[in-house]
Amino acid sequence: MREIVIGGAQMGAIQKADSRADVVARMIALLDQAAEAGCDLVVYPELTLTTFFPRWWMDDPAEIDQWFETEMPGPDTQPLFDAARKHGIAITFGYAEKTPEGRYFNTSILTDKEGNIVGKYRKTHLPGHSEYDEDRLFQHLEKKYFEPGDTGFPVWRNLDAWMGMCICNDRRWPEVYREMGLQGVELITLGYNTPTVNSQHGDEGLEKRLYHSDLSMSAGAYQNATWVVGVAKAGVEDGHPLMGGSIIVDPNGMVVARAKTEEDELIVHACDMDMCNFGKATIFDFKRHRRIEHYTRITGQTGVITPDQETRSAE
Ligand code: CDT
């Protein structure tokens with residue numbers, strides 16, 4: 001048995017006017033609760049330190065830069081790292097990263113129990129658009145403010161387990177889980193900011209969006225025999241509702257813990273990493289059962305090409 005007690009630290013809304021210090025204080029309050037509950041690892045959402053700023057159109061570089069971190073930990077986040085080290089709890093959280101070379105990423109880091117950063121992941125699947133779109137109910141400008149991640153999907157040894165990360169929209173793509181599954185991943189952590197309505201299809205409501213979120217994470221967990229922990233930033237941010245629905249999923253694809261609110265809330269489960277062994281050795285023993293000779297489209301082609309188009313381009 002390799003048990004990791006995991007806390008999913010769902011965060012409620014963060015308004016534009018909230019300071020990093022306000023947010024870090026809320027993160028530390030959840031960390032203190034997690035320590036009481038005996039957690040070894042706490043998972044926070046995507047872009048935890050600020051409001052989901054890609055919903056706002058901005059032109060002024062200085063206005064844009066205020067949402068980004070140039071160092072991690074920095075003065076505002078050092079107290080979180082100190083509290084994590086004091087409790088002996090590993091943490092993972094998302095933030096907007098500006099590199100020394102002036103590159104912008106939607107990033108997530110993972111620490112060990114001493115507060116050392118052992119892993120960094122940069123979001124690959126950036127949803128939304130880069131130009132102002134007046135046909136949408138609201139903007140989703142991740143393609144304007146970030147470049148696609150350059151890390152791929154690494155997996156690290158931490159707390160005696162193989163751990164990997166992805167971020168929000170990444171959770172909807174099976175390739176993400178399989179990339180990590182092929183490295184033997186046993187725990188995938190992710191944070192998200194998911195609006196309760198689709199900006200292009202207003203009647204796709206909360207129930208369907210929660211289902212899609214659960215479905216993606218449960219399938220990824222089962223098909224790769226891994227734990228998956230998905231944590232929301234939820235609640236109404238300056239009039240814009242984000243869904244909750246944070247869950248911990250076991251390697252059978254079963255949801256074993258679920259948030260009840262759209263506020264700061266800790267969900268906890270004792271996750272045995274050895275539960276991954278059975279699926280990895282049987283139905284999802286990749287070495288014995290995968291047929292990569294038939295998977296060439298997966299990396300050779302991006303969009304759909306129907307058979308009649310294939311024929312036409314060959315003529
Ligand atoms: N943050 C993030 O990736 N949110 C997306 C919403 C997509 S709508 C353009 C998600 O997949 O939840």
# chains A, B, ... in the order shown; residues from 1 in each chain; ligands from 1
$ residues_near_ligand --ligand "ligand 1" --cutoff "10 Å" --atoms "only C-alpha atoms and all ligand atoms" --output "MDAnalysis selection string"
chainID A and resid 45:47 52 54:55 106 123:129 136 138:143 167:173 191:200 209:210 212:213 232:233 242:243
$ closest_atom_pairs --of "range 30-71 of chain A" --to "range 94-102 of chain A" --cutoff "10 Å" --atoms "only C-alpha atoms" --output "JSON lines"
{"residue": "A:Val43", "atom": "CA", "partner": "A:Gly94", "partner_atom": "CA", "distance": 9.4}
{"residue": "A:Tyr44", "atom": "CA", "partner": "A:Gly94", "partner_atom": "CA", "distance": 7.1}
{"residue": "A:Pro45", "atom": "CA", "partner": "A:Gly94", "partner_atom": "CA", "distance": 6.0}
{"residue": "A:Glu46", "atom": "CA", "partner": "A:Gly94", "partner_atom": "CA", "distance": 4.3}
{"residue": "A:Leu47", "atom": "CA", "partner": "A:Tyr95", "partner_atom": "CA", "distance": 4.1}
{"residue": "A:Thr48", "atom": "CA", "partner": "A:Gly94", "partner_atom": "CA", "distance": 5.5}
{"residue": "A:Leu49", "atom": "CA", "partner": "A:Tyr95", "partner_atom": "CA", "distance": 6.2}
{"residue": "A:Thr50", "atom": "CA", "partner": "A:Tyr95", "partner_atom": "CA", "distance": 8.0}
{"residue": "A:Phe53", "atom": "CA", "partner": "A:Ala96", "partner_atom": "CA", "distance": 9.8}
{"residue": "A:Asp65", "atom": "CA", "partner": "A:Lys98", "partner_atom": "CA", "distance": 8.0}
{"residue": "A:Gln66", "atom": "CA", "partner": "A:Ala96", "partner_atom": "CA", "distance": 9.9}
{"residue": "A:Trp67", "atom": "CA", "partner": "A:Ala96", "partner_atom": "CA", "distance": 6.7}
{"residue": "A:Phe68", "atom": "CA", "partner": "A:Ala96", "partner_atom": "CA", "distance": 4.7}
{"residue": "A:Glu69", "atom": "CA", "partner": "A:Glu97", "partner_atom": "CA", "distance": 5.1}
{"residue": "A:Thr70", "atom": "CA", "partner": "A:Lys98", "partner_atom": "CA", "distance": 5.1}
{"residue": "A:Glu71", "atom": "CA", "partner": "A:Glu97", "partner_atom": "CA", "distance": 8.0}
$ residues_around --residues "Trp227 in chain A" --least-positions-apart "4" --cutoff "8 Å" --atoms "only C-alpha atoms" --output "PyMOL selection string"
chain A and resi 186-188+221+248-251+271+273+276
$ closest_residue --among "A:Ser216, A:Asn224, A:Gln78, A:Thr51" --to "Ile14 in chain A" --atoms "only C-alpha atoms"
A:Thr51
$ atom_distance --atom1 "CA of Ser108 in chain A" --atom2 "CA of Pro73 in chain A"
12.3 Å
$ closest_residue --among "A:Gly220, A:Gly239, A:Gly12, A:Gly115" --to "Ile91 in chain A" --atoms "only C-alpha atoms"
A:Gly115
$ closest_residue --among "A:Tyr132, A:Ala219, A:Gly184, A:Ala9" --to "Ala29 in chain A" --atoms "only C-alpha atoms"
A:Ala9
$ closest_residue --among "A:Phe284, A:Asp76, A:Tyr145, A:Val42" --to "Pro61 in chain A" --atoms "only C-alpha atoms"
A:Tyr145
$ residues_around --residues "range 24-26 of chain A" --least-positions-apart "4" --cutoff "7 Å" --atoms "only C-alpha atoms" --output "list of chain:residue names"
A:Arg20, A:Leu30, A:Thr77, A:Leu80
$ closest_residue --among "A:Ala257, A:Ala84, A:Leu190, A:Ile283" --to "Gly230 in chain A" --atoms "only C-alpha atoms"
A:Leu190
$ closest_residue --among "A:Ser218, A:Gln183, A:Thr296, A:Thr261" --to "Lys280 in chain A" --atoms "only C-alpha atoms"
A:Gln183
$ select_by_dssp --residues "range 68-272 of chain A" --states "strand (DSSP E or B)" --output "ChimeraX atom specification"
/A:69,90-98,104-111,117-122,155-158,161-167,187-192,195,198,201,227-233,235-237,240-242,247-249,255-258,265-272
$ atom_distance --atom1 "CA of Ile247 in chain A" --atom2 "CA of Ala259 in chain A"
6.6 Å
